[in-house]
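Enquirer: Sharing a structure here in structure tokens format.
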Amino acid sequence: MKHYEVEILDAKTREKLCFLDKVEPQATIAEIKNLFTKTHPQWYPARQSLRLDPKGRSLKDEDILQSLPVGTTATFYFRDLGAQISWVTVFLTEYAGPLLIYLLFYFRVPFLYGPRYDFTASRHAVVHLACACHSFHYIKRLLETLFVHRFSHGTMPLRNIFKNCTYYWGFAAWMAYYINHPLYTPPAYGDEQVKLALAVFLFCQLGNFSIHVALRNLRPAGSKTRKIPYPTRNPFTWLFLLVSCPNYTYEVGSWIGFTIMTQCLPVALFSLVGFVQMAIWAQGKHRSYLREFRDYPPLRSPIVPFLL
Amino acid sequence: MAAAAGGGSRADNGYGGQQPRRRKGPGALATAYLVVYNVVMTAGWLVIAVGLVRAYLAKGSYHSLYYSIEKPLKFFQTGALLEILHCAFGIVPSSVVLTAFQVMSRVFLTWAVTHSVKEVQTEDSVLLFVVAWTITEIIRYSFYTFSLLNHLPYLIKWARYTLFIILYPMGVSGELLTIYAALPFVRQSGLYSISLPNKYNFSFDYYTFLILVMISYIPLFPQLYFHMLRQRRKVLSHTEEHKKSE
């Protein structure tokens with residue numbers, strides 16, 4: 001069997017970083033990354049980006065050496081992706097924050113409102129309901145992170161945790177401050193508004209969860225395969241007929257429900273910002289589905305049926 | 001390159017043909033529009049410059065000159081919002097976010113501070129930033145005009161990348177002093193502020209907001225200033241090399 005030789009050069013300086021000889025033709029990029037780490041232990045595999053062209057895109061861990069357009073001496077270019085942190089760690093941190101922060105405001109812990117309000121409770125039923133909904137939402141997210149989601153990439157750049165936590169924790173504090181404020185004004189249309197909002201919220205929470213489960217079931221444990229998601233017997237998943245990312249659609253719906261429930265402008269702004277971000281992600285996901293699958297259902301739009 | 005073992009739908013498995021992407025310049029129509037835009041803006045800020053000089057000569061002092069150029073200042077500074085669209089449509093190769101940020105901060109000072117808080121309009125700090133902006137913009141827009149016509153005099157390039165050294169701190173000082181002067185009047189009148197309780201369950205204190213804006217200058221100004229200094233070294237040294245090789 002013919003063995004390959006692999007040389008790894010720095011993408012920016014073209015300096016020769018590593019030379020591997022007698023590499024199996026069936027070796028994967030993941031295995032090559034592991035070999036590279038042996039000579040440069042500070043660059044663990046998660047922070048390595050190997051490419052065929054210094055300005056090209058990263059090779060995937062599953063790619064096999066002999067199926068790449070290289071000769072028997074393969075040249076890879078290396079870029080350091082920077083310190084990495086696991087997705088699970090980021091998700092748990094960014095979701096635990098809002099859960100706790102909201103409760104601090106709900107219980108009116110000292111220094112948040114005036115001293116005469118410390119540890120008092122709101123007299124509005126909707127405020128208690130809102131706390132239950134907000135807490136439920138983030139507990140659900142934490143549990144999904146631990147037990148439901150299957151991540152295609154293990155890690156993301158370390159600086160993302162600061163960015164993401166600022167966003168989630170900051171908005172949570174801002175919303176919680178007003179909803180739990182002693183001068184909070186309950187919704188203008190009273191109980192009817194709250195009941196409608198609760199129905200929308202719960203419907204969308206169930207919908208979002210259903211999609212997460214459906215996506216998990218698309219992919220066996222430990223694999224990174226990508227398949228087109230389709231509606232299942234669960235009616236909540238029938239939204240797949242119309243959109244590529246119904247999980248995002250339901251998520252926006254949940255927050256719209258929460259906005260109506262609390263009638264709070266900061267919540268509306270949080271929903272809007274979240275919608276914009278998720279719409280961008282959905283467009284990207286939709287485009288990559290279209291690129292990867294010839295037979296992708298043409299009726300689907302990224303996040304809003306028929307519109308966006 | 002030899003084709004892959006079975007299964008690949010593309011002979012190069014998607015890795016071939018990675019040319020470096022070449023930036024397309026604006027088309028002929030876009031270039032014509034941009035030339036007109038930049039000429040109009042250059043003219044507009046020249047009007048402001050002339051207005052300032054004439055008012056100074058007529059009044060004999062440099063106090064309260066704001067009123068003589070208030071309308072063209074508002075018109076042409078607000079018009080700069082178009083530049084955000086230029087970036088968004090790709091006819092100008094700058095970052096939308098960066099441009100939006102710079103234009104919005106100017107528009108904020110023009111409308112949300114100077115126009116809104118009438119008491120600061122007689123402050124000398126207003127003249128400080130108006131003069132800085134005027135000189136900067138005349139040079140900047142003529143720089144763009146000449147660049148688009150591929151005929152950039154070295155003097156304009158030099159001016160654009162050198163005068164900022166004085167004008168930038170001057171403008172920032174004027175802006176900060178003006179915001180500072182506005183504070184007591186904002187506090188007194190409750191301008192742009194809303195307090196609880198209200199049906200939107202929202203509150204906003206413009207006074208605190210202005211203080212936060214002032215604080216934000218501390219991290220932002222040095223970054224932008226040193227960025228311009230780095231640009232200066234890059235741009236002006238290239239021209240030196242070109243001159244030497246002729």
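Residue numbering restarts at 1 for every chain of the structure tokens, chains are lettered A, B, ... in their displayed order, and ligands are numbered from 1 as they appear.
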At most 8 Å is the cut-off: for each residue in chain A with any atom that close to an atom of chain B, write down the nearest atom pair and the distance in Å rounded to one decimal, counting only C-alpha atoms, chain first then increasing number, as CSV.
Expert:
```
residue,atom,partner,partner_atom,distance
A:Leu52,CA,B:Tyr15,CA,7.7
A:Asp53,CA,B:Gln18,CA,7.7
A:Lys55,CA,B:Pro20,CA,7.4
A:Gly56,CA,B:Gln18,CA,6.3
A:Gln66,CA,B:Ala4,CA,7.6
A:Ser67,CA,B:Ala4,CA,5.0
A:Leu68,CA,B:Ala4,CA,7.1
A:Pro69,CA,B:Met1,CA,5.9
A:Val70,CA,B:Met1,CA,7.2
A:Gly71,CA,B:Met1,CA,7.8
A:Tyr178,CA,B:Asn201,CA,6.0
A:Ile179,CA,B:Asn201,CA,7.3
A:Leu183,CA,B:Pro197,CA,5.2
A:Tyr184,CA,B:Asn201,CA,6.1
A:Thr185,CA,B:Lys199,CA,5.7
A:Pro186,CA,B:Lys199,CA,7.7
A:Pro187,CA,B:Lys199,CA,7.6
A:Ala188,CA,B:Lys199,CA,7.4
A:Gln263,CA,B:Tyr200,CA,6.2
A:Cys264,CA,B:Asn201,CA,5.0
A:Leu265,CA,B:Tyr200,CA,5.4
A:Pro266,CA,B:Phe202,CA,6.8
```
Enquirer: With DSSP run on the backbone, what are the helix (DSSP H, G or I) residues within range 16-244 of chain B? I'd like them as a VMD selection string.
Expert: chain B and resid 28 to 59 66 to 79 82 to 88 96 to 115 118 to 122 124 to 148 154 to 162 164 to 189 206 to 244
Enquirer: So, with only C-alpha atoms as the atoms that count, which of B:Tyr67, B:Tyr168, B:Tyr37, B:Phe129 lies closest to Ala80 in chain B?
Expert: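 The closest residue to Ala80 in chain B is B:Tyr37.
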Enquirer: Could you name the residues that touch range 223-237 of chain B at 9 Å or less, counting only C-alpha atoms, but leaving out those on the same chain fewer than 6 positions away, as number ranges by chain?
Expert: B: 157-158, 160-162, 164-165, 168-169
Enquirer: Name the residues in contact with Thr120 in chain A at a cut-off of 7 Å, using only C-alpha atoms, excluding same-chain residues fewer than 2 positions from it; report them as a list in words.
Expert: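 Counting only C-alpha atoms, the residues come to Phe107, Arg108, Tyr117, Asp118 and Ser122 of chain A.
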Enquirer: Do a neighbour search on range 156-168 of chain A at 7 Å with only C-alpha atoms, toss out local chain neighbours closer than 2 positions, and write the hits as an NGL selection string.
Expert: :A and (82-87 or 90 or 94 or 98 or 170-172)
Enquirer: Could you save the residues just selected, with C-alpha atoms, as an mmCIF file, in the first residue's frame?
Expert:
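Wrote it out as part-v5.cif, contents follow:
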```cif
data_model
loop_
_atom_site.group_PDB
_atom_site.id
_atom_site.type_symbol
_atom_site.label_atom_id
_atom_site.label_comp_id
_atom_site.auth_asym_id
_atom_site.auth_seq_id
_atom_site.Cartn_x
_atom_site.Cartn_y
_atom_site.Cartn_z
ATOM 1 C CA GLY A 82 -7.688 30.703 18.631
ATOM 2 C CA ALA A 83 -8.661 29.342 21.993
ATOM 3 C CA GLN A 84 -11.793 27.233 21.728
ATOM 4 C CA ILE A 85 -14.572 26.468 24.137
ATOM 5 C CA SER A 86 -17.159 23.735 23.864
ATOM 6 C CA TRP A 87 -20.663 24.579 22.688
ATOM 7 C CA VAL A 90 -21.238 28.155 26.274
ATOM 8 C CA GLU A 94 -25.439 31.735 28.673
ATOM 9 C CA PRO A 98 -30.941 34.653 32.579
ATOM 10 C CA GLY A 170 -27.885 41.924 29.735
ATOM 11 C CA PHE A 171 -31.284 41.590 28.103
ATOM 12 C CA ALA A 172 -32.555 39.305 30.866
#
```
Enquirer: Can you tell me how far CA of Val267 in chain A sits from CA of Tyr250 in chain A, in Å to one decimal?
Expert: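 Rounded to one decimal, the two atoms are 16.2 Å apart.
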